[in-house]
Structures are given as structure tokens and as C-alpha cells.
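To start, the structure under review is shown below, and the notes come after it.
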Amino acid sequence: MGKRTTEVASTGEALLELLADRGVDYIFGNAGTDFPSIIEGLSKAAAGQSRAPIPITVPHENLAVAMAHGAYLATGRPQAVMLHVNVGTANAICGLINAARESIPMLVAAGRTPIMEDDALGSRSVFIHWGQEMFDQAGMVREMVKWDYELRRADQIEAVVDRALTVAMSPPRGPVYLTMPREVLADGAGDLSYDSPSRRAAATAASPNAEAVARAASWLVASETPLIVTGSFGRNSADVPALAALAEAYAVPVVGYRARYLFLPSYHPMHLGHDPGPLLSAADTIIALDCDVPWIPRLHDVNPDAKVVHIGEDPLFTDYPMRSFRADLAIAGNSRATLEALSSAMAEETHDRAKSIAARRKWIAAMRAEQDEAKKAAQSAVPDGDRATIAYVAACLNKAIGSGDTVVTETAFPVGLLDRTELGTYFGTSPAGGLGWGLGAALGLKLGRPDRRVIAVIGDGSYMFGNPTPAHFVSAANDLPFLTVILNNAMWGAVRRATLSIYPEGSAAVSNRAPLTYLEPAPAYEKIVEASGGYGEKVERASDLPAALERALHEVGVNGRQAVLNVMTAYSDTDAKRDAKR
Ligand SMILES: Cc1ncc(C[n+]2csc(CCOP(=O)(O)OP(=O)(O)O)c2C)c(N)n1
């Protein structure tokens with residue numbers, strides 16, 4: 001505990017000093033006329049005269065937020081994003097929606113047009129300073145952030161930075177938003193004296209209610225056919241052993257539904273894949289663990305007599321306007337703590353369930369063996385035609401990568417075909433589904449894990465949403481080589497699937513080129529990375545893919561150069577009709 005005193009030239013510089021002191025590693029910036037004091041402060045830090053997070057120039061705001069998202073996933077520390085007033089904020093909103101729905105903390109700061117029209121350091125100096133002012137700039141993002149505030153005075157900077165970061169990091173975590181008028185940023189020259197480390201701690205995780213845990217434990221112990229379904233458990237890979245232990249000890253199958261993380265290693269005997277459908281109708285106790293959508297009422301039959309327990313920091317997802325899944329019990333608290341408490345409470349239950357656990361272990365093993373067989377068959381299937389299928393890409397990738405490689409997906413991807421053994425090596429898109437996340441997330445993860453290979457598997461549509469030119473620029477400028485595998489079906493397949501699910505025999509179904517669904521003529525995506533000195537290759541034939549993957553991974557891993565494989569993939573209407581029913 002102690003005080004640090006340093007001389008600063010402005011509040012902008014003080015902000016940077018404090019962010020660095022509080023453990024923020026990076027500031028992902030997209031600058032404008034609101035930035036002079038920030039740029040001056042960063043320049044001083046670059047010259048070794050002050051402290052600041054490492055600045056990363058990101059030429060699109062949505063990419064900047066996705067990078068902060070990925071860097072948090074890699075480091076566990078909140079990062080900062082700095083945007084240009086209302087317009088930069090507008091470009092960042094899609095990324096913020098993704099981050100908010102995945103409880104990803106970050107400090108998003110933006111300038112606010114100068115307050116004074118004249119006669120102050122920092123006052124208005126260009127015509128946009130009138131046009132960019134809003135009555136309520138933060139109103140644009142208020143629904144997506146946990147806290148917003150306008151910095152009013154130089155001498156509140158320490159308190160404001162701490163307030164922002166502690167709110168962001170208190171569970172459930174999430175983004176916060178700070179606006180900063182140019183005059184306040186330019187003010188504040190003199191001694192900055194502050195507590196280092198901070199005297200303001202984020203809230204610790206809440207413990208689950210013991211009575212609720214005991215009730216859930218009694219249901220689980222009495223259950224013949226329990227089931228755990230998760231969506232975002234495993235974001236913190238240190239939580240996974242608690243689930244692995246409970247599932248293993250009591251033979252409880254675990255399914256990831258649209259799972260964003262590795263919730264169990266693939267080889268874990270209780271990992272029963274990614275489709276809860278076949279299990280939901282028989283389950284007598286369903287645990288929705290960090291799971292916003294455990295099933296889809298229109299698609300799944302759920303045992304009407306099943307007891308349903310939701311577990312999570314906010315188990316009812318109170319920031320979702322409508323979500324009305326049955327809940328016999330909803331246990332608020334840190335999920336790892338709840339799983340550990342459940343395990344202890346179950347161990348105390350006295351009646352002997354050994355026989356039924358053993359019987360369950362048998363049928364789970366049989367089901368798992370069936371799944372393993374199907375997986376093996378899918379992994380060795382060769383596509384009928386020239387074009388790769390998505391399953392084939394997954395199987396080739398599975399062979400080409402190692403256990404420590406990090407995989408990011410932004411597309412409908414059969415993640416079950418990847419054998420992922422090391423925790424924290426898989427990341428999928430936010431349930432908000434704001435496209436344009438994958439490239440930035442991969443870059444952020446690479447920043448936080450410089451010694452790991454990072455592979456992004458991205459649909460052609462999503463690749464374009466991801467701002468590829470800025471992304472490849474950032475990669476080259478910051479020495480962040482990563483591999484992008486584009487699944488190029490020359491369409492927005494999801495949009496086609498959605499159309500066919502409602503109009504299976506309609507006009508769009510018989511057209512090869514229904515309006516607003518196809519992306520032809522398909523660009524030579526492999527050329528975009530070349531513009532930033534990267535390695536690009538188009539893969540027309542499935543049989544060429546394994547060697548192409550080897551070449552691209554060599555470029556990334558050995559030559560330290562970013563790479564893109566533009567893989568042409570087949571997508572037929574048979575696929576679309578089948579997928580529409582899922
Ligand atoms: C920002 C944003 N705009 C539009 C959409 C709607 N949308 C969902 S999936 C999709 C198509 C994605 O295309 P691609 O990445 O090529 O994958 P595919 O569906 O072909 O598998 C679109 C446009 C979205 N989710 N997010």
C-alpha cells in the first residue's frame with residue numbers, strides 16, 4: 001500500500017498512468033480531434049517519460065472492441081478501448097453488444113465534443129465540434145454497459161478510473177463507458193498523487209445460497225437421468241475442473257448448446273457433445289449452467305416433469321427482455337463455487353445411489369461410444385465432389401493443429417469434430433451474434449498469448465463483417481501472425497437456412513440466387529492479406545486442403561507471417577433444409 005506521485009501534463013496523461021497502474025495492458029484506439037492529450041501522453045510514455053498501456057492503432061472501432069474482448073479472454077484482465085466521440089462509439093456498438101452478452105469487462109472511453117465554444121484550452125476548433133455533440137452520447141450504449149459517466153474534473157480522475165474498472169470487474173462482469181470532454185482532458189497539469197495499488201477492490205464472486213444448493217443436491221442425488229446443459233461455462237478455464245469432478249463422480253452427462261468455450265476436455269467421459277435434443281425429453285433433472293438458452297421450445301421436447309435448475313451469476317439473465325424457461329430453482333452465484341458446493345452437498349446425502357450411478361455410467365458410456373463412432377466416421381469422410389464440406393475442413397484442421405493451438409470460430413462449425421484437450425483453447429461467438437467479431441477476437445487472443453498459434457475459422461460473410469483490411473493491417477503492424485480459414489460458400493448460408501425454415505417450398509427455395517443471400521462474384525479473399533504482407537491461398541479442391549493447411553500453419557508458426565486460406569466450400573439446399581430443422 002502506498003502513494004505514488006508523478007508529474008503529469010494533463011488529465012489525459014493521468015488517465016493513461018492510472019490505467020497502466022491498474023493492470024490495463026492495452027488501449028485499442030481509433031483517434032479523432034478529441035485525442036490530443038491522449039496522444040501527447042502516449043508519446044511521453046513511448047519516450048520512457050511516463051507510464052501508459054500499450055497503444056494499438058485499430059482502423060475500425062468494431063475490430064477494436066473485438067480485440068479488447070479477445071485480449072480479456074486471454075489475460076483475464078480488462079482492457080481499454082478509446083473511441084472518437086459519438087461517431088466512433090456508433091461504429092463500436094455491435095462489438096459492445098457481443099461483449100455485454102458474454103460478460104466481458106472492458107473500459108470503453110470516448111471523447112466528448114468540447115463543451116466550450118471559445119476561450120478555454122481544448123475548446124472548439126473545428127466545425128465538427130458542433131455537429132458531433134449529442135444531448136446524451138452515452139444513451140447510445142446505455143443498454144449495453146453496466147455503467148456510464150462523463151468525466152467532469154481533472155481531480156476526480158483516480159476515483160473515476162477505479163469506479164469504471166471495479167464496476168466492469170464485479171460479477172457479472174461487463175463493459176463500462178466513459179466520455180471525456182476535451183477541456184477536462186487538457187486540464188490537470190501538475191502533480192498526480194494516487195494510491196498504488198488501488199484501494200478500491202472489485203466485488204468478489206457471490207457464494208450460492210446453501211439451502212438452494214442442498215435442494216438441488218437432493219434432486220440430483222435422487223435423479224435417474226440428470227443432464228447439465230451449458231452455453232458459456234468454461235470462459236474461465238480454471239472453473240472447468242469443478243464441473244469435471246461433479247460430472248465424473250455422479251455420472252452426470254454434460255452437453256454444450258451453442259457452447260462458446262471448452263466446458264470439458266473432449267475426451268472427458270461425461271462430455272456428450274453439443275446437441276441436447278436427444279437427452280432433454282428423458283432428463284428428469286436439468287441443470288442449465290451458465291446457459292442463457294438451454295433449449296429452444298419450438299425445436300426441443302423437454303420432459304414436462306423434469307426439475308429445472310438454473311445456475312449462474314445472474315441465472316435468469318435479467319438483462320434479457322424476455323426469457324421464460326421453466327425454473328424450479330435458480331441459484332445465483334459463481335458457477336464454480338456452486339458446483340463445488342453441490343459436490344459437497346451431494347457427498348453428504350446418505351442414501352446409497354451407487355447402483356443407479358453405475359447403471360447410468362453404463363448408458364452414458366454406450367452413448368459416448370456411439371458418438372465417438374459417428375465422430376470418427378465424420379472425421380474420415382471424404383467429400384463427394386471437389387468442394388470441401390465444413391465437416392471436412394474441421395477434420396483436416398483437427399489433424400493439422402496441436403493441443404496448445406487456440407481456435408476461434410465465427411460460423412456454424414462442428415466444433416465436436418475437434419479433439420480439444422487443453423482447456424481454454426476454443427472460443428465461439430457471443431449469443432448476441434453480432435458478426436465481425438472473429439478476426440478481432442483472434443488478434444486479441446494472439447496479443448494475450450504471443451507464444452500460441454491462433455486459428456480463426458470464419459464464414460466468408462463474417463470475414464467481410466470483420467473488417468479484413470484493418471484486421472490484417474493490425475496483425476502486420478503489431479507482429480500478431482494468425483491463420484484465418486475462410487469457409488467460402490459464397491453466401492449468407494444462415495439467412496438462406498432461415499428463409500427455408502419458414503418457406504421450405506417457397507420461391508426462394510427454388511432459386512439458386514435468392515435476393516440478399518448470395519455473395520457473388522466472390523472476392524479473391526486470399527489477396528486481401530497479401531496487401532499487408534501476409535500469405536494467402538485459395539483452396540478450390542478439398543483434396544488440396546491438408547497440404548494448404550500445412551503451408552499456412554508453417555507461415556504463421558515458423559515464418560511469423562499472418563495467413564489466410566480461402567477455402568471454397570459446398571453448400572447445397574439439402575444442407576440448408578436439414579440445418580433449418582436444427
Ligand atoms: C452485424 C450482423 N449483421 C447481420 C447479421 C445476420 N446474419 C446472421 S448469419 C449471417 C450470414 C453469415 O454468413 P457467413 O459468415 O458466410 O456464414 P454462413 O451463414 O454462410 O455459414 C448474417 C448476415 C448478423 N448476425 N450480424
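By convention in this document, the chains of the C-alpha cells carry letters A, B, ... by their order, each chain's residues are numbered from 1, and ligands are numbered from 1 in the order they are shown.
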Show me which residues sit within 9 Å of ligand 1 when counting only C-alpha atoms and all ligand atoms, and put them as number ranges by chain. A: 94-95, 410-413, 432-436, 458-465, 486-497, 516-519, 571
Extract, using only C-alpha atoms, all DNA, RNA and protein residues at most 12 Å from A:Asp305, discarding same-chain residues fewer than 4 positions from it, and format them as a count of residues only. 13
Between atom CA of A:Glu61 and atom CA of A:Gln132, distance in Å (one decimal): 16.8 Å
Which stretch 290-386 of chain A residues have any atom within 12 Å of an atom of stretch 143-166 of chain A, and for each, what is the nearest pair of atoms with distance in Å to one decimal, counting only C-alpha atoms, rows sorted by chain and number, as a tab-separated table?
```
residue	atom	partner	partner_atom	distance
A:Asp319	CA	A:Glu143	CA	8.7
A:Tyr320	CA	A:Glu143	CA	10.4
A:Pro321	CA	A:Glu143	CA	11.1
```
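Among A:Val81, A:Pro304, A:Ala378, A:Leu439, the residue with the shortest atom-to-atom distance to A:Asn467, counting only C-alpha atoms, is A:Leu439.
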List as a PyMOL selection string the protein and nucleic acid residues near stretch 362-376 of chain A, meaning an atom at most 9 Å away when only C-alpha atoms are counted, but skip any in the same chain fewer than 2 places from it. chain A and resi 251-253+269-273+357-360+378-381+416-417
Which residues come within 9 Å of A:Ser123, counting only C-alpha atoms, excluding same-chain residues fewer than 2 positions away, as number ranges by chain? A: 113-121, 125, 182-183
Would you save the residues from that selection as a PDB file, in the first residue's frame, using N, CA, C and O atoms?
```pdb
ATOM      1  N   THR A 113     -17.457  16.004 -27.451  1.00  0.00           N
ATOM      2  CA  THR A 113     -17.076  17.250 -28.132  1.00  0.00           C
ATOM      3  C   THR A 113     -16.781  18.336 -27.099  1.00  0.00           C
ATOM      4  O   THR A 113     -17.367  18.332 -26.001  1.00  0.00           O
ATOM      5  N   PRO A 114     -15.835  19.259 -27.397  1.00  0.00           N
ATOM      6  CA  PRO A 114     -15.519  20.280 -26.393  1.00  0.00           C
ATOM      7  C   PRO A 114     -16.784  20.995 -25.924  1.00  0.00           C
ATOM      8  O   PRO A 114     -17.683  21.294 -26.720  1.00  0.00           O
ATOM      9  N   ILE A 115     -16.838  21.246 -24.623  1.00  0.00           N
ATOM     10  CA  ILE A 115     -18.019  21.907 -24.057  1.00  0.00           C
ATOM     11  C   ILE A 115     -18.032  23.385 -24.455  1.00  0.00           C
ATOM     12  O   ILE A 115     -19.045  23.923 -24.880  1.00  0.00           O
ATOM     13  N   MET A 116     -16.865  24.044 -24.360  1.00  0.00           N
ATOM     14  CA  MET A 116     -16.783  25.490 -24.580  1.00  0.00           C
ATOM     15  C   MET A 116     -16.658  25.805 -26.071  1.00  0.00           C
ATOM     16  O   MET A 116     -15.927  25.144 -26.802  1.00  0.00           O
ATOM     17  N   GLU A 117     -17.396  26.850 -26.483  1.00  0.00           N
ATOM     18  CA  GLU A 117     -17.318  27.249 -27.892  1.00  0.00           C
ATOM     19  C   GLU A 117     -16.114  28.160 -28.149  1.00  0.00           C
ATOM     20  O   GLU A 117     -15.760  28.405 -29.303  1.00  0.00           O
ATOM     21  N   ASP A 118     -15.487  28.635 -27.068  1.00  0.00           N
ATOM     22  CA  ASP A 118     -14.318  29.515 -27.219  1.00  0.00           C
ATOM     23  C   ASP A 118     -13.651  29.662 -25.846  1.00  0.00           C
ATOM     24  O   ASP A 118     -14.185  29.237 -24.822  1.00  0.00           O
ATOM     25  N   ASP A 119     -12.464  30.284 -25.862  1.00  0.00           N
ATOM     26  CA  ASP A 119     -11.827  30.778 -24.636  1.00  0.00           C
ATOM     27  C   ASP A 119     -11.475  29.726 -23.583  1.00  0.00           C
ATOM     28  O   ASP A 119     -11.631  29.973 -22.389  1.00  0.00           O
ATOM     29  N   ALA A 120     -11.055  28.536 -23.990  1.00  0.00           N
ATOM     30  CA  ALA A 120     -10.545  27.571 -22.999  1.00  0.00           C
ATOM     31  C   ALA A 120      -9.569  26.662 -23.726  1.00  0.00           C
ATOM     32  O   ALA A 120      -9.723  26.415 -24.927  1.00  0.00           O
ATOM     33  N   LEU A 121      -8.577  26.144 -22.983  1.00  0.00           N
ATOM     34  CA  LEU A 121      -7.670  25.176 -23.580  1.00  0.00           C
ATOM     35  C   LEU A 121      -8.505  23.943 -23.935  1.00  0.00           C
ATOM     36  O   LEU A 121      -9.172  23.376 -23.068  1.00  0.00           O
ATOM     37  N   SER A 125     -12.569  23.904 -32.040  1.00  0.00           N
ATOM     38  CA  SER A 125     -11.633  24.479 -33.006  1.00  0.00           C
ATOM     39  C   SER A 125     -11.925  24.053 -34.437  1.00  0.00           C
ATOM     40  O   SER A 125     -11.308  24.563 -35.362  1.00  0.00           O
ATOM     41  N   ARG A 182     -12.889  17.450 -24.125  1.00  0.00           N
ATOM     42  CA  ARG A 182     -11.507  17.768 -24.446  1.00  0.00           C
ATOM     43  C   ARG A 182     -10.893  18.741 -23.444  1.00  0.00           C
ATOM     44  O   ARG A 182      -9.699  18.653 -23.136  1.00  0.00           O
ATOM     45  N   GLU A 183     -11.702  19.657 -22.920  1.00  0.00           N
ATOM     46  CA  GLU A 183     -11.137  20.614 -21.953  1.00  0.00           C
ATOM     47  C   GLU A 183     -10.680  19.904 -20.691  1.00  0.00           C
ATOM     48  O   GLU A 183      -9.641  20.240 -20.116  1.00  0.00           O
TER      49      GLU A 183
END
```
Excluding stretch 534-548 of chain A and its own-chain neighbours fewer than 3 positions away, which residues fall within 8 Å of it when counting only C-alpha atoms? Please give them as number ranges by chain. A: 383, 386-389, 392-393, 396-397, 400, 472, 476, 524, 526-531, 551-552, 555, 561-568
For A:Glu17: contacts at 7 Å, only C-alpha atoms, fewer than 3 positions along chain excluded, given as a list in words: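 Near A:Glu17, the qualifying residues are Glu13, Ala14, Ala20, Asp21, Arg51 and Ala52 of chain A.
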One number please: atom CA of A:Pro172 to atom CA of A:Arg452, in Å, one decimal.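 That distance, rounded to one decimal, is 28.4 Å.
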Stretch 143-228 of chain A residues near stretch 64-72 of chain A within 12 Å, closest pair each, using only C-alpha atoms, as a tab-separated table:
```
residue	atom	partner	partner_atom	distance
A:Ala168	CA	A:Tyr72	CA	11.8
A:Met169	CA	A:Tyr72	CA	11.1
A:Arg173	CA	A:Tyr72	CA	11.3
A:Gly174	CA	A:His69	CA	10.2
A:Pro175	CA	A:His69	CA	9.6
A:Val176	CA	A:Val65	CA	12.0
```
Those same residues - N, CA, C and O atoms - I'd like them written as a CSV table (one decimal), in the first residue's frame.
```csv
chain,number,residue,atom,x,y,z
A,168,ALA,N,-16.8,-2.7,-13.9
A,168,ALA,CA,-16.6,-3.7,-15.0
A,168,ALA,C,-16.2,-5.1,-14.5
A,168,ALA,O,-16.7,-6.1,-15.0
A,169,MET,N,-15.4,-5.1,-13.5
A,169,MET,CA,-14.9,-6.4,-13.0
A,169,MET,C,-15.7,-7.1,-11.9
A,169,MET,O,-15.5,-8.2,-11.5
A,173,ARG,N,-19.5,-9.6,-14.9
A,173,ARG,CA,-18.7,-8.6,-15.5
A,173,ARG,C,-19.3,-8.0,-16.8
A,173,ARG,O,-20.2,-8.6,-17.3
A,174,GLY,N,-18.7,-6.9,-17.2
A,174,GLY,CA,-19.2,-6.4,-18.5
A,174,GLY,C,-18.6,-5.0,-18.8
A,174,GLY,O,-17.8,-4.5,-18.0
A,175,PRO,N,-18.9,-4.5,-20.0
A,175,PRO,CA,-18.3,-3.3,-20.4
A,175,PRO,C,-18.8,-2.0,-19.7
A,175,PRO,O,-20.0,-2.1,-19.2
A,176,VAL,N,-18.0,-1.0,-19.5
A,176,VAL,CA,-18.4,0.3,-19.0
A,176,VAL,C,-18.0,1.4,-20.0
A,176,VAL,O,-17.1,1.1,-20.8
```
Apply DSSP to the backbone of this structure and, from stretch 303-371 of chain A, keep only the residues in helix (DSSP H, G or I); write these as a PyMOL selection string. chain A and resi 335-348+354-371
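With only C-alpha atoms as the basis for measurement, A:Val556 is the residue among A:Ala216, A:Val556, A:Leu185, A:Leu423 that approaches A:Ser475 most closely.
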Please run DSSP on the backbone and report, as a list in words, all residues within stretch 199-424 of chain A that come out as strand (DSSP E). Pro226, Leu227, Ile228, Val229, Thr230, Val254, Val255, Gly256, Thr285, Ile286, Ile287, Ala288, Leu289, Lys307, Val308, Val309, His310, Ile311, Gly312, Leu329, Ala330, Ile331, Ala332, Thr406, Val407, Val408, Thr409 and Glu410 of chain A
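Nearest residue to A:His129, choosing from A:Thr33, A:Thr204, A:Thr57, A:Ser103 and counting only C-alpha atoms: A:Thr33.
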Between atom CA of A:Ala337 and atom CA of A:Ala202, what distance in Å does the model show, to one decimal?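 So the answer is 17.7 Å.
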Nearest to A:Ser266: which of A:Ser403, A:Thr338, A:Thr75, A:Asn303 is it, counting only C-alpha atoms?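 Among the listed residues, A:Ser403 lies closest to A:Ser266.
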I'd like the neighbourhood of A:Gly424 as a ChimeraX atom specification, where a residue qualifies if any of its atoms comes within 10 Å (using only C-alpha atoms), though same-chain residues fewer than 5 positions away should be ignored. /A:73-74,234-238,240,261-265,404-407
Closest to A:Arg4 among A:Phe127, A:Ile401, A:Ala186, A:Ser193, using only C-alpha atoms? A:Ser193
